[in-house]
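Below is the file model29.cif, which contains mmCIF, C-alpha atoms (C1' of nucleotides).
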```cif
data_entry
loop_
_atom_site.label_atom_id
_atom_site.label_comp_id
_atom_site.auth_asym_id
_atom_site.auth_seq_id
_atom_site.Cartn_x
_atom_site.Cartn_y
_atom_site.Cartn_z
CA MET A 1 130.02 95.04 -15.99
CA ALA A 2 131.44 96.93 -13.03
CA ALA A 3 132.90 99.79 -15.04
CA HIS A 4 129.78 100.38 -17.12
CA PHE A 5 126.52 101.83 -15.86
CA SER A 6 123.29 101.42 -17.72
CA THR A 7 120.91 104.27 -18.36
CA LYS A 8 118.66 102.96 -15.62
CA ASP A 9 121.48 102.90 -13.07
CA ARG A 10 122.65 106.36 -14.00
CA ILE A 11 119.15 107.69 -13.49
CA LEU A 12 118.90 105.99 -10.11
CA GLY A 13 122.22 107.38 -8.99
CA ALA A 14 121.50 110.92 -10.06
CA ALA A 15 118.01 110.77 -8.55
CA GLU A 16 119.34 109.54 -5.22
CA GLU A 17 121.75 112.45 -4.92
CA LEU A 18 119.30 115.11 -6.03
CA PHE A 19 116.40 113.83 -3.94
CA ALA A 20 118.59 113.74 -0.84
CA GLN A 21 119.74 117.29 -1.44
CA TYR A 22 116.63 119.07 -2.70
CA GLY A 23 113.73 116.79 -1.78
CA PHE A 24 111.26 115.34 -4.26
CA ALA A 25 109.19 118.34 -5.04
CA GLY A 26 112.41 120.33 -5.30
CA THR A 27 113.87 117.98 -7.89
CA SER A 28 112.55 117.91 -11.42
CA LEU A 29 112.98 114.99 -13.75
CA ARG A 30 114.81 117.31 -16.09
CA GLN A 31 117.43 117.92 -13.42
CA VAL A 32 117.78 114.18 -12.90
CA THR A 33 118.12 113.34 -16.57
CA SER A 34 120.48 116.23 -17.14
CA ARG A 35 122.82 115.04 -14.39
CA ALA A 36 122.58 111.46 -15.59
CA ASP A 37 123.22 112.67 -19.14
CA VAL A 38 120.13 110.94 -20.37
CA ASN A 39 117.05 112.00 -22.26
CA ILE A 40 114.03 113.14 -20.28
CA ALA A 41 111.79 110.45 -21.76
CA ALA A 42 114.10 107.72 -20.45
CA VAL A 43 112.73 108.14 -16.94
CA ASN A 44 109.22 107.30 -17.95
CA TYR A 45 110.44 104.50 -20.14
CA HIS A 46 112.42 102.81 -17.37
CA PHE A 47 110.33 103.73 -14.32
CA GLY A 48 106.91 104.69 -15.59
CA SER A 49 106.56 107.76 -13.41
CA LYS A 50 108.39 110.03 -11.05
CA GLU A 51 106.68 108.40 -8.10
CA ASN A 52 107.91 105.01 -9.17
CA LEU A 53 111.44 106.32 -9.46
CA VAL A 54 111.21 107.64 -5.92
CA ASN A 55 110.03 104.30 -4.65
CA GLU A 56 112.83 102.49 -6.44
CA VAL A 57 115.48 104.73 -4.89
CA PHE A 58 113.90 104.01 -1.54
CA ARG A 59 113.62 100.25 -1.99
CA ARG A 60 117.34 99.78 -2.61
CA ARG A 61 118.20 101.35 0.75
CA MET A 62 115.39 99.79 2.69
CA ASP A 63 116.39 96.31 1.54
CA GLU A 64 119.91 96.81 2.79
CA MET A 65 118.73 98.17 6.10
CA SER A 66 116.31 95.32 6.68
CA GLU A 67 119.05 92.79 6.03
CA ARG A 68 121.29 94.54 8.48
CA ARG A 69 118.57 94.67 11.13
CA LEU A 70 117.89 90.96 10.84
CA ALA A 71 121.58 90.09 10.95
CA LEU A 72 122.09 92.12 14.12
CA LEU A 73 118.95 90.62 15.61
CA ARG A 74 120.18 87.07 15.06
CA GLU A 75 123.52 88.01 16.56
CA ALA A 76 121.86 89.61 19.59
CA VAL A 77 119.62 86.63 20.26
CA ALA A 78 122.50 84.20 19.89
CA ARG A 79 124.94 86.10 22.07
CA GLN A 80 122.69 87.55 24.76
CA PRO A 81 119.52 85.48 24.84
CA GLY A 82 116.69 86.96 26.88
CA GLU A 83 118.21 90.44 26.90
CA LEU A 84 116.02 93.20 25.53
CA GLU A 85 118.49 96.02 24.94
CA PRO A 86 120.60 94.30 22.26
CA ILE A 87 117.43 93.53 20.33
CA LEU A 88 116.36 97.16 20.44
CA ALA A 89 119.84 98.16 19.36
CA ALA A 90 119.55 95.85 16.36
CA PHE A 91 116.37 97.67 15.42
CA VAL A 92 117.55 101.21 16.06
CA GLU A 93 121.11 101.42 14.87
CA PRO A 94 120.82 100.44 11.22
CA ALA A 95 118.06 103.00 10.83
CA LEU A 96 120.03 105.84 12.38
CA ALA A 97 123.10 104.89 10.40
CA LEU A 98 121.14 104.96 7.16
CA ALA A 99 119.56 108.30 7.99
CA GLN A 100 123.03 109.79 8.34
CA ASP A 101 124.47 108.27 5.22
CA ARG A 102 125.49 111.11 3.00
CA HIS A 103 124.46 109.40 -0.22
CA GLY A 104 120.73 109.00 -0.07
CA GLY A 105 120.05 109.00 3.65
CA GLY A 106 118.13 112.20 3.26
CA ALA A 107 116.11 110.76 0.43
CA PHE A 108 115.36 107.72 2.52
CA ILE A 109 113.80 109.53 5.43
CA ARG A 110 111.89 111.71 3.01
CA VAL A 111 110.13 108.76 1.44
CA ILE A 112 108.92 107.66 4.83
CA ALA A 113 107.71 111.13 5.65
CA ARG A 114 106.00 111.35 2.33
CA ALA A 115 104.10 108.18 3.05
CA TYR A 116 102.74 109.97 6.09
CA ALA A 117 102.09 113.20 4.30
CA GLU A 118 100.08 111.77 1.50
CA LYS A 119 97.65 109.15 2.59
CA ASN A 120 99.54 106.93 0.24
CA ASP A 121 97.98 103.54 0.85
CA GLY A 122 99.88 102.04 -2.05
CA LEU A 123 103.22 102.81 -0.45
CA ARG A 124 101.96 101.68 2.92
CA LYS A 125 100.88 98.36 1.54
CA PHE A 126 104.21 97.98 -0.22
CA LEU A 127 106.03 98.59 3.06
CA SER A 128 104.01 96.12 5.05
CA ASP A 129 104.10 93.47 2.32
CA ARG A 130 107.82 93.73 1.78
CA TYR A 131 109.13 94.44 5.27
CA GLY A 132 106.40 93.20 7.60
CA HIS A 133 108.33 90.00 8.27
CA VAL A 134 111.18 92.04 9.76
CA LEU A 135 108.85 93.57 12.32
CA ARG A 136 107.38 90.17 13.10
CA GLU A 137 110.84 88.78 13.77
CA PHE A 138 111.54 91.58 16.20
CA ALA A 139 108.18 91.13 17.88
CA LYS A 140 108.90 87.46 18.43
CA ALA A 141 112.32 88.17 19.90
CA ILE A 142 111.01 90.89 22.19
CA ALA A 143 108.17 88.69 23.38
CA VAL A 144 110.75 86.26 24.75
CA CYS A 145 112.31 89.04 26.82
CA VAL A 146 109.03 90.46 28.11
CA PRO A 147 106.85 87.40 28.52
CA GLY A 148 104.01 89.14 30.38
CA LEU A 149 103.08 91.37 27.43
CA SER A 150 100.01 90.68 25.29
CA LYS A 151 100.50 90.60 21.57
CA GLU A 152 98.45 93.77 21.20
CA GLU A 153 100.48 95.69 23.76
CA LEU A 154 103.66 94.48 22.15
CA TYR A 155 102.65 95.85 18.76
CA TRP A 156 101.51 99.15 20.21
CA ARG A 157 104.91 99.60 21.76
CA LEU A 158 106.75 98.60 18.62
CA ASP A 159 104.80 101.34 16.89
CA PHE A 160 105.87 103.84 19.50
CA LEU A 161 109.47 102.79 19.09
CA ALA A 162 109.23 103.12 15.33
CA GLY A 163 107.73 106.57 15.67
CA ALA A 164 110.36 107.83 18.07
CA LEU A 165 113.03 106.37 15.83
CA THR A 166 111.65 108.01 12.72
CA TYR A 167 111.60 111.35 14.50
CA ALA A 168 115.19 110.87 15.56
CA MET A 169 116.17 109.87 12.02
CA ALA A 170 114.73 113.09 10.68
CA ASP A 171 116.67 115.04 13.28
CA PHE A 172 113.43 116.76 13.91
CA GLY A 173 113.14 117.31 17.62
CA LEU A 174 114.39 119.80 20.14
CA ILE A 175 117.73 118.12 20.42
CA LYS A 176 120.19 119.50 17.95
CA ARG A 177 123.65 118.10 17.48
CA PRO A 178 126.04 120.41 19.36
CA ALA A 179 128.76 121.95 17.24
CA GLY A 180 131.61 120.09 18.95
CA VAL A 181 130.07 116.64 18.56
CA SER A 182 130.61 114.48 15.49
CA GLU A 183 127.65 113.04 13.62
CA ALA A 184 128.65 109.53 14.54
CA ALA A 185 128.91 110.39 18.23
CA HIS A 186 125.57 112.19 18.16
CA ARG A 187 123.97 109.19 16.51
CA GLN A 188 125.48 106.91 19.11
CA ARG A 189 124.02 109.07 21.84
CA ALA A 190 120.60 109.13 20.22
CA ALA A 191 120.60 105.36 19.89
CA GLN A 192 121.66 104.88 23.47
CA GLU A 193 119.01 107.25 24.83
CA LEU A 194 116.27 105.77 22.70
CA ILE A 195 117.14 102.19 23.60
CA ARG A 196 117.03 103.00 27.27
CA PHE A 197 113.75 104.88 26.96
CA ALA A 198 112.10 102.13 24.94
CA ALA A 199 113.45 99.31 27.09
CA ALA A 200 111.79 100.85 30.13
CA GLY A 201 108.60 101.27 28.12
CA PHE A 202 108.54 97.65 26.98
CA LYS A 203 109.21 96.35 30.47
CA SER A 204 106.52 98.43 32.17
CA MET B 1 79.59 139.29 10.29
CA ALA B 2 78.91 135.69 11.11
CA ALA B 3 76.89 135.00 8.00
CA HIS B 4 79.45 136.51 5.64
CA PHE B 5 82.80 135.05 4.72
CA SER B 6 85.55 137.07 3.15
CA THR B 7 87.52 135.92 0.17
CA LYS B 8 90.41 135.08 2.43
CA ASP B 9 88.29 132.93 4.72
CA ARG B 10 86.68 131.14 1.82
CA ILE B 11 90.10 130.26 0.46
CA LEU B 12 91.23 128.99 3.85
CA GLY B 13 88.12 126.87 4.26
CA ALA B 14 88.34 125.33 0.81
CA ALA B 15 92.06 124.72 1.19
CA GLU B 16 91.59 123.00 4.53
CA GLU B 17 89.07 120.55 3.11
CA LEU B 18 91.00 119.81 -0.06
CA PHE B 19 94.39 119.46 1.63
CA ALA B 20 92.92 117.06 4.17
CA GLN B 21 91.41 114.95 1.43
CA TYR B 22 94.00 114.99 -1.33
CA GLY B 23 97.22 116.19 0.33
CA PHE B 24 99.20 119.24 -0.74
CA ALA B 25 100.80 118.00 -3.87
CA GLY B 26 97.47 116.49 -4.81
CA THR B 27 95.64 119.80 -4.50
CA SER B 28 96.17 122.55 -7.04
CA LEU B 29 95.47 126.18 -6.34
CA ARG B 30 92.97 126.14 -9.14
CA GLN B 31 90.98 123.48 -7.32
CA VAL B 32 91.04 125.61 -4.20
CA THR B 33 89.98 128.81 -5.89
CA SER B 34 87.36 127.01 -7.90
CA ARG B 35 85.76 125.54 -4.77
CA ALA B 36 86.00 128.87 -2.98
CA ASP B 37 84.52 130.56 -6.06
CA VAL B 38 87.38 133.00 -6.20
CA ASN B 39 89.88 134.06 -8.80
CA ILE B 40 93.16 132.18 -8.98
CA ALA B 41 95.19 135.31 -8.38
CA ALA B 42 93.44 135.91 -5.06
CA VAL B 43 95.56 133.21 -3.43
CA ASN B 44 98.80 134.95 -4.19
CA TYR B 45 97.32 138.29 -3.28
CA HIS B 46 96.17 137.16 0.18
CA PHE B 47 98.80 134.54 0.99
CA GLY B 48 101.76 135.21 -1.24
CA SER B 49 102.33 131.59 -2.17
CA LYS B 50 100.90 128.12 -1.91
CA GLU B 51 103.37 127.27 0.84
CA ASN B 52 102.19 130.22 2.86
CA LEU B 53 98.60 129.16 2.46
CA VAL B 54 99.51 125.72 3.74
CA ASN B 55 101.21 127.23 6.76
CA GLU B 56 98.24 129.44 7.52
CA VAL B 57 95.83 126.48 7.46
CA PHE B 58 98.19 124.73 9.81
CA ARG B 59 98.69 127.65 12.20
CA ARG B 60 94.98 128.01 12.95
CA ARG B 61 94.77 124.43 14.19
CA MET B 62 98.08 124.38 15.95
CA ASP B 63 97.20 127.48 17.97
CA GLU B 64 94.02 125.86 19.24
CA MET B 65 95.82 122.66 20.11
CA SER B 66 98.58 124.43 22.00
CA GLU B 67 96.04 126.35 24.06
CA ARG B 68 94.28 123.13 24.91
CA ARG B 69 97.52 121.44 25.87
CA LEU B 70 98.49 124.24 28.22
CA ALA B 71 95.03 124.37 29.79
CA LEU B 72 95.08 120.64 30.49
CA LEU B 73 98.62 120.92 31.80
CA ARG B 74 97.66 123.60 34.33
CA GLU B 75 94.71 121.52 35.38
CA ALA B 76 96.86 118.41 35.81
CA VAL B 77 99.48 120.20 37.87
CA ALA B 78 96.86 121.83 40.06
CA ARG B 79 94.83 118.67 40.69
CA GLN B 80 97.49 115.99 40.85
CA PRO B 81 100.81 117.68 41.64
CA GLY B 82 103.85 115.49 41.25
CA GLU B 83 102.04 112.94 39.08
CA LEU B 84 103.56 112.28 35.67
CA GLU B 85 100.73 110.52 33.83
CA PRO B 86 98.23 113.40 33.83
CA ILE B 87 100.92 115.67 32.39
CA LEU B 88 101.62 113.23 29.60
CA ALA B 89 97.89 112.96 28.98
CA ALA B 90 97.69 116.74 28.63
CA PHE B 91 100.37 116.51 25.95
CA VAL B 92 99.02 113.52 24.08
CA GLU B 93 95.27 113.84 24.00
CA PRO B 94 94.79 117.19 22.27
CA ALA B 95 97.11 116.02 19.51
CA LEU B 96 95.29 112.76 18.91
CA ALA B 97 91.93 114.52 19.04
CA LEU B 98 93.07 117.00 16.43
CA ALA B 99 94.45 114.31 14.17
CA GLN B 100 91.04 112.67 14.13
CA ASP B 101 89.04 115.79 13.54
CA ARG B 102 87.25 115.33 10.26
CA HIS B 103 87.64 118.90 9.14
CA GLY B 104 91.30 119.44 8.62
CA GLY B 105 92.84 116.92 10.96
CA GLY B 106 94.36 115.12 8.03
CA ALA B 107 95.78 118.35 6.72
CA PHE B 108 97.30 119.04 10.09
CA ILE B 109 99.35 115.91 10.33
CA ARG B 110 100.41 116.37 6.74
CA VAL B 111 102.02 119.70 7.45
CA ILE B 112 104.14 118.15 10.15
CA ALA B 113 105.13 115.31 7.89
CA ARG B 114 106.00 117.75 5.17
CA ALA B 115 108.32 119.58 7.49
CA TYR B 116 110.16 116.29 7.86
CA ALA B 117 110.07 115.47 4.22
CA GLU B 118 111.52 118.67 2.96
CA LYS B 119 114.41 119.93 4.96
CA ASN B 120 112.19 122.91 5.56
CA ASP B 121 114.15 124.96 8.05
CA GLY B 122 111.74 127.85 7.67
CA LEU B 123 108.83 125.81 8.96
CA ARG B 124 110.96 124.30 11.68
CA LYS B 125 112.01 127.69 12.90
CA PHE B 126 108.40 128.86 12.79
CA LEU B 127 107.36 125.88 14.91
CA SER B 128 110.02 126.37 17.52
CA ASP B 129 109.53 130.14 17.68
CA ARG B 130 105.79 129.95 17.99
CA TYR B 131 105.29 126.80 20.06
CA GLY B 132 108.60 126.28 21.83
CA HIS B 133 107.22 127.75 25.02
CA VAL B 134 104.61 124.98 25.19
CA LEU B 135 107.31 122.34 25.19
CA ARG B 136 109.27 124.24 27.80
CA GLU B 137 106.22 124.35 30.05
CA PHE B 138 105.85 120.62 29.76
CA ALA B 139 109.53 120.06 30.37
CA LYS B 140 109.33 122.07 33.56
CA ALA B 141 106.30 120.17 34.80
CA ILE B 142 107.84 116.80 34.00
CA ALA B 143 111.10 117.74 35.70
CA VAL B 144 109.18 118.12 38.97
CA CYS B 145 107.87 114.57 38.65
CA VAL B 146 111.19 113.01 37.67
CA PRO B 147 113.72 115.02 39.64
CA GLY B 148 116.71 112.78 38.91
CA LEU B 149 116.69 113.49 35.18
CA SER B 150 119.24 115.82 33.58
CA LYS B 151 117.89 118.53 31.32
CA GLU B 152 119.46 116.85 28.33
CA GLU B 153 117.90 113.47 29.06
CA LEU B 154 114.57 115.14 29.65
CA TYR B 155 114.61 116.76 26.22
CA TRP B 156 115.70 113.58 24.49
CA ARG B 157 112.73 111.81 25.99
CA LEU B 158 110.33 114.57 25.10
CA ASP B 159 111.52 114.14 21.53
CA PHE B 160 110.84 110.42 21.66
CA LEU B 161 107.38 111.07 23.01
CA ALA B 162 106.69 113.60 20.28
CA GLY B 163 107.88 111.15 17.64
CA ALA B 164 105.77 108.27 18.92
CA LEU B 165 102.81 110.61 19.15
CA THR B 166 103.25 111.88 15.60
CA TYR B 167 103.38 108.33 14.33
CA ALA B 168 100.21 107.51 16.22
CA MET B 169 98.52 110.65 14.87
CA ALA B 170 99.28 109.59 11.34
CA ASP B 171 97.82 106.16 12.07
CA PHE B 172 100.91 104.87 10.48
CA GLY B 173 102.01 101.83 12.41
CA LEU B 174 101.16 98.18 12.55
CA ILE B 175 98.15 98.77 14.73
CA LYS B 176 95.04 99.36 12.70
CA ARG B 177 91.74 100.30 14.24
CA PRO B 178 89.64 97.12 14.34
CA ALA B 179 86.36 97.31 12.49
CA GLY B 180 84.19 97.07 15.58
CA VAL B 181 85.93 99.86 17.48
CA SER B 182 84.92 103.51 17.14
CA GLU B 183 87.49 106.13 16.29
CA ALA B 184 87.10 107.78 19.66
CA ALA B 185 87.61 104.51 21.49
CA HIS B 186 90.63 103.66 19.39
CA ARG B 187 92.13 107.05 20.10
CA GLN B 188 91.49 106.59 23.80
CA ARG B 189 93.30 103.30 23.68
CA ALA B 190 96.24 104.77 21.78
CA ALA B 191 96.55 107.59 24.29
CA GLN B 192 96.41 105.23 27.22
CA GLU B 193 99.03 102.90 25.79
CA LEU B 194 101.35 105.73 24.82
CA ILE B 195 101.08 107.43 28.20
CA ARG B 196 101.96 104.24 29.97
CA PHE B 197 104.87 103.53 27.64
CA ALA B 198 106.28 107.03 27.92
CA ALA B 199 105.77 107.27 31.67
CA ALA B 200 107.92 104.20 32.14
CA GLY B 201 110.49 105.68 29.79
CA PHE B 202 110.66 108.97 31.65
CA LYS B 203 110.96 107.28 34.99
CA SER B 204 113.73 104.90 33.97
"C1'" DG C 1 92.88 147.63 -0.80
"C1'" DT C 2 90.55 144.05 -3.39
"C1'" DC C 3 89.96 141.53 -7.20
"C1'" DT C 4 90.27 139.94 -12.18
"C1'" DA C 5 92.01 138.53 -16.72
"C1'" DT C 6 95.83 137.03 -18.74
"C1'" DA C 7 100.47 135.56 -19.60
"C1'" DC C 8 104.69 133.00 -18.41
"C1'" DA C 9 108.14 129.57 -17.57
"C1'" DG C 10 108.50 125.14 -15.93
"C1'" DT C 11 106.41 120.49 -14.80
"C1'" DG C 12 105.41 115.26 -15.64
"C1'" DA C 13 103.76 112.52 -19.14
"C1'" DT C 14 103.07 110.44 -23.79
"C1'" DA C 15 102.78 109.31 -28.84
"C1'" DG C 16 105.32 108.12 -32.57
"C1'" DA C 17 109.60 108.27 -35.46
"C1'" DC C 18 114.08 106.15 -35.69
"C1'" DG D 1 115.91 101.55 -26.31
"C1'" DT D 2 116.21 106.09 -27.24
"C1'" DC D 3 114.92 110.33 -29.25
"C1'" DT D 4 111.99 114.69 -30.49
"C1'" DA D 5 107.92 117.09 -30.21
"C1'" DT D 6 104.03 118.12 -27.94
"C1'" DC D 7 100.40 117.99 -24.47
"C1'" DA D 8 97.73 119.52 -20.40
"C1'" DC D 9 98.65 121.43 -16.20
"C1'" DT D 10 101.18 123.66 -12.45
"C1'" DG D 11 102.49 127.89 -9.29
"C1'" DT D 12 103.47 132.54 -9.84
"C1'" DA D 13 103.60 137.43 -11.56
"C1'" DT D 14 101.69 141.56 -13.34
"C1'" DA D 15 98.83 145.16 -15.36
"C1'" DG D 16 94.85 147.26 -14.74
"C1'" DA D 17 89.67 147.56 -13.35
"C1'" DC D 18 86.75 148.79 -9.48
#
```
Let me see the file written as structure tokens.
Amino acid sequence: MAAHFSTKDRILGAAEELFAQYGFAGTSLRQVTSRADVNIAAVNYHFGSKENLVNEVFRRRMDEMSERRLALLREAVARQPGELEPILAAFVEPALALAQDRHGGGAFIRVIARAYAEKNDGLRKFLSDRYGHVLREFAKAIAVCVPGLSKEELYWRLDFLAGALTYAMADFGLIKRPAGVSEAAHRQRAAQELIRFAAAGFKS
Amino acid sequence: MAAHFSTKDRILGAAEELFAQYGFAGTSLRQVTSRADVNIAAVNYHFGSKENLVNEVFRRRMDEMSERRLALLREAVARQPGELEPILAAFVEPALALAQDRHGGGAFIRVIARAYAEKNDGLRKFLSDRYGHVLREFAKAIAVCVPGLSKEELYWRLDFLAGALTYAMADFGLIKRPAGVSEAAHRQRAAQELIRFAAAGFKS
DNA sequence: GTCTATACAGTGATAGAC
DNA sequence: GTCTATCACTGTATAGAC
């Protein structure tokens, strides 16, 4: 099994690389199938549409990241109960790490941005159905640390954190990684700054 | 003059409406030119490409918003010197108002999201060249309110604010506008919550 | 300059043979 | 499951009319 890749897997692999490098619009299905050494019609047979292929590439990564977030969250709550910062770190770091992953990190952040860019309610519903429980877990854990906060305020602030994090993942802001600093170090810095910023926000 | 619209203006108007409603990918140039009652080739004659047309639609709105931000900033600094919250309000409110504008607000937020989604360095450079001075003005004003902050920390936090704001503009998070609340009221609430969150973050 | 008719290469998708 | 052939449609380019 391990040495052999099915047509479907080859398509997914090629799509992940090409999407990350050239974006969705910039990648044609013919490029994907050519790299995967597969016939053009195989994409629609296995995935139904280009959009579905995009979502599938995305889902694989998102599942991993959600698992990692929850694992770190459990660890944080067990080791440092009542402390907010480790919880925020559990939320932030897997996302930043994924965004920097060379194989597909670019594609990942692009799917999120695309969900903004199109008013794609289907994708939004998919996200909230499949990963809503992760956010609820974090909300519960944060509520313990900041007991004065109303549920509404808590969710507003989680949204703000998610937004700031998404921006940071896309490397979109004013802050550019200086030439002398490694990607990993820059990411570490971003995480640290964001956690501090958000912690103050949650506690206000 | 006022009663007559040139071919170029008609294209811009039609594009703004269609982009806001169906997104970019979802709008073909033939739809645009058909609504504007103009020949398909006119788009490339006046704008060079679809991408350029998108950017032009965007620039008109962004210019207005930047003016409004700077006006409110001057007002805030003059009336309540040394106070952080009014400065943040001057940054946040014009953006949220624009995002909710029925005529083209949706298109506006989509352009930003698209700049994320594609690694569109051209658009990024355009943004920083044309609107970088606005951010620098805000940075200067905030630095007066939070004198302990290093320049680097200040810019990190401005990025986080911009990210959270973008998310809120796209109406993307967990928080949905409840049925009984008007759009204007919901926006007011979002602004108020974000300002409070960010103010605490900047002061930390 | 402004605009039009037309053509072009490339796209995602699909029907039907094997 | 996989292929070929074909479809309607896309953004773009150009030659030429006014």
Taking only C-alpha atoms (C1' of nucleotides) into account, find every residue of chain C that has an atom no more than 9 Å from chain A, and write it out as a PyMOL selection string. chain C and resi 11-14
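With distances restricted to all atoms listed in the file, B:Phe47 is the closest residue to DT12 in chain D from B:Tyr22, B:Phe197, B:Tyr131, B:Phe47.
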I'd like to see the residues matched by the PyMOL selection byres ((chain D) within 10 of (chain A)) on this file, and ideally I'd get them as a PyMOL selection string. chain D and resi 1-4
Atoms kept (C-alpha atoms (C1' of nucleotides)) for selection, written as an mmCIF file, in the coordinates of the input:
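again_38.cif, written as the output of this step:
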```cif
data_model
loop_
_atom_site.group_PDB
_atom_site.id
_atom_site.type_symbol
_atom_site.label_atom_id
_atom_site.label_comp_id
_atom_site.auth_asym_id
_atom_site.auth_seq_id
_atom_site.Cartn_x
_atom_site.Cartn_y
_atom_site.Cartn_z
ATOM 1 C "C1'" DG D 1 115.910 101.550 -26.310
ATOM 2 C "C1'" DT D 2 116.210 106.090 -27.240
ATOM 3 C "C1'" DC D 3 114.920 110.330 -29.250
ATOM 4 C "C1'" DT D 4 111.990 114.690 -30.490
#
```
What's the 9 Å shell around Val54 in chain A, counting only C-alpha atoms (C1' of nucleotides), without same-chain residues fewer than 4 positions away, as a ChimeraX atom specification? /A:12,15-16,19,24,49-50,58-59,107,111
Produce a table with one row for each residue of chain B that has an atom at most 7 Å from any atom of chain A, each row naming the nearest atom pair and its distance in Å at one decimal; use all atoms listed in the file; arrange rows by chain and rising residue number; format as JSON lines.
```
{"residue": "B:Gly23", "atom": "CA", "partner": "A:Glu118", "partner_atom": "CA", "distance": 5.4}
{"residue": "B:Arg110", "atom": "CA", "partner": "A:Ala117", "partner_atom": "CA", "distance": 4.3}
{"residue": "B:Ala113", "atom": "CA", "partner": "A:Ala117", "partner_atom": "CA", "distance": 5.2}
{"residue": "B:Arg114", "atom": "CA", "partner": "A:Ala117", "partner_atom": "CA", "distance": 6.1}
{"residue": "B:Tyr116", "atom": "CA", "partner": "A:Ala113", "partner_atom": "CA", "distance": 6.1}
{"residue": "B:Ala117", "atom": "CA", "partner": "A:Arg110", "partner_atom": "CA", "distance": 4.3}
{"residue": "B:Glu118", "atom": "CA", "partner": "A:Gly23", "partner_atom": "CA", "distance": 5.6}
{"residue": "B:Tyr155", "atom": "CA", "partner": "A:Ile175", "partner_atom": "CA", "distance": 6.7}
{"residue": "B:Trp156", "atom": "CA", "partner": "A:Ile175", "partner_atom": "CA", "distance": 6.4}
{"residue": "B:Asp159", "atom": "CA", "partner": "A:Gly173", "partner_atom": "CA", "distance": 5.3}
{"residue": "B:Phe160", "atom": "CA", "partner": "A:Ala164", "partner_atom": "CA", "distance": 4.5}
{"residue": "B:Leu161", "atom": "CA", "partner": "A:Ala164", "partner_atom": "CA", "distance": 6.6}
{"residue": "B:Gly163", "atom": "CA", "partner": "A:Ala164", "partner_atom": "CA", "distance": 4.2}
{"residue": "B:Ala164", "atom": "CA", "partner": "A:Gly163", "partner_atom": "CA", "distance": 4.2}
{"residue": "B:Thr166", "atom": "CA", "partner": "A:Gly163", "partner_atom": "CA", "distance": 6.9}
{"residue": "B:Tyr167", "atom": "CA", "partner": "A:Gly163", "partner_atom": "CA", "distance": 4.9}
{"residue": "B:Ala170", "atom": "CA", "partner": "A:Tyr116", "partner_atom": "CA", "distance": 6.3}
{"residue": "B:Phe172", "atom": "CA", "partner": "A:Tyr116", "partner_atom": "CA", "distance": 7.0}
{"residue": "B:Gly173", "atom": "CA", "partner": "A:Asp159", "partner_atom": "CA", "distance": 5.3}
{"residue": "B:Leu174", "atom": "CA", "partner": "A:Asp159", "partner_atom": "CA", "distance": 6.5}
{"residue": "B:Ile175", "atom": "CA", "partner": "A:Trp156", "partner_atom": "CA", "distance": 6.4}
{"residue": "B:Phe197", "atom": "CA", "partner": "A:Gly201", "partner_atom": "CA", "distance": 4.4}
{"residue": "B:Ala198", "atom": "CA", "partner": "A:Gly201", "partner_atom": "CA", "distance": 6.2}
{"residue": "B:Ala200", "atom": "CA", "partner": "A:Gly201", "partner_atom": "CA", "distance": 5.0}
{"residue": "B:Gly201", "atom": "CA", "partner": "A:Phe197", "partner_atom": "CA", "distance": 4.4}
{"residue": "B:Phe202", "atom": "CA", "partner": "A:Phe197", "partner_atom": "CA", "distance": 6.9}
{"residue": "B:Ser204", "atom": "CA", "partner": "A:Ala200", "partner_atom": "CA", "distance": 5.9}
```
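The coordinates place CA of Gly82 in chain B at 6.4 Å from CA of Val144 in chain B.
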Mind working out the centre and edge lengths of an axis-aligned box for range 7-13 of chain D, all listed atoms inside, 6 Å added to each side, rounded to one decimal in Å and written as lines of an AutoDock Vina configuration file?
```
center_x = 100.7
center_y = 127.7
center_z = -16.9
size_x = 17.9
size_y = 31.4
size_z = 27.2
```
Expressed in Å to a single decimal, how great is the separation between CA of Arg79 in chain B and CA of Lys151 in chain B?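 That distance, rounded to one decimal, is 24.9 Å.
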Evaluate the PyMOL selection byres ((chain D and resi 14) around 10) and report residues as a list in words: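 Checking the PyMOL selection byres ((chain D and resi 14) around 10) against this file, the residues are DT6 and DA7 of chain C; DT12, DA13, DA15 and DG16 of chain D.
Taking CA of Leu53 in chain B and CA of Val134 in chain B as the two end points, the separation is 23.9 Å.
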For Pro86 in chain B: contacts at 10 Å, only C-alpha atoms (C1' of nucleotides), fewer than 6 positions along chain excluded, given as a count of residues only: 10
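Residues captured in this structure file are Arg10, Ile11, Ala14, Ala15, Arg30, Gln31, Val32, Thr33, Ser34, Ala36, Asp37 and Val38 of chain B, according to the PyMOL selection byres ((chain B and resi 35) around 9).
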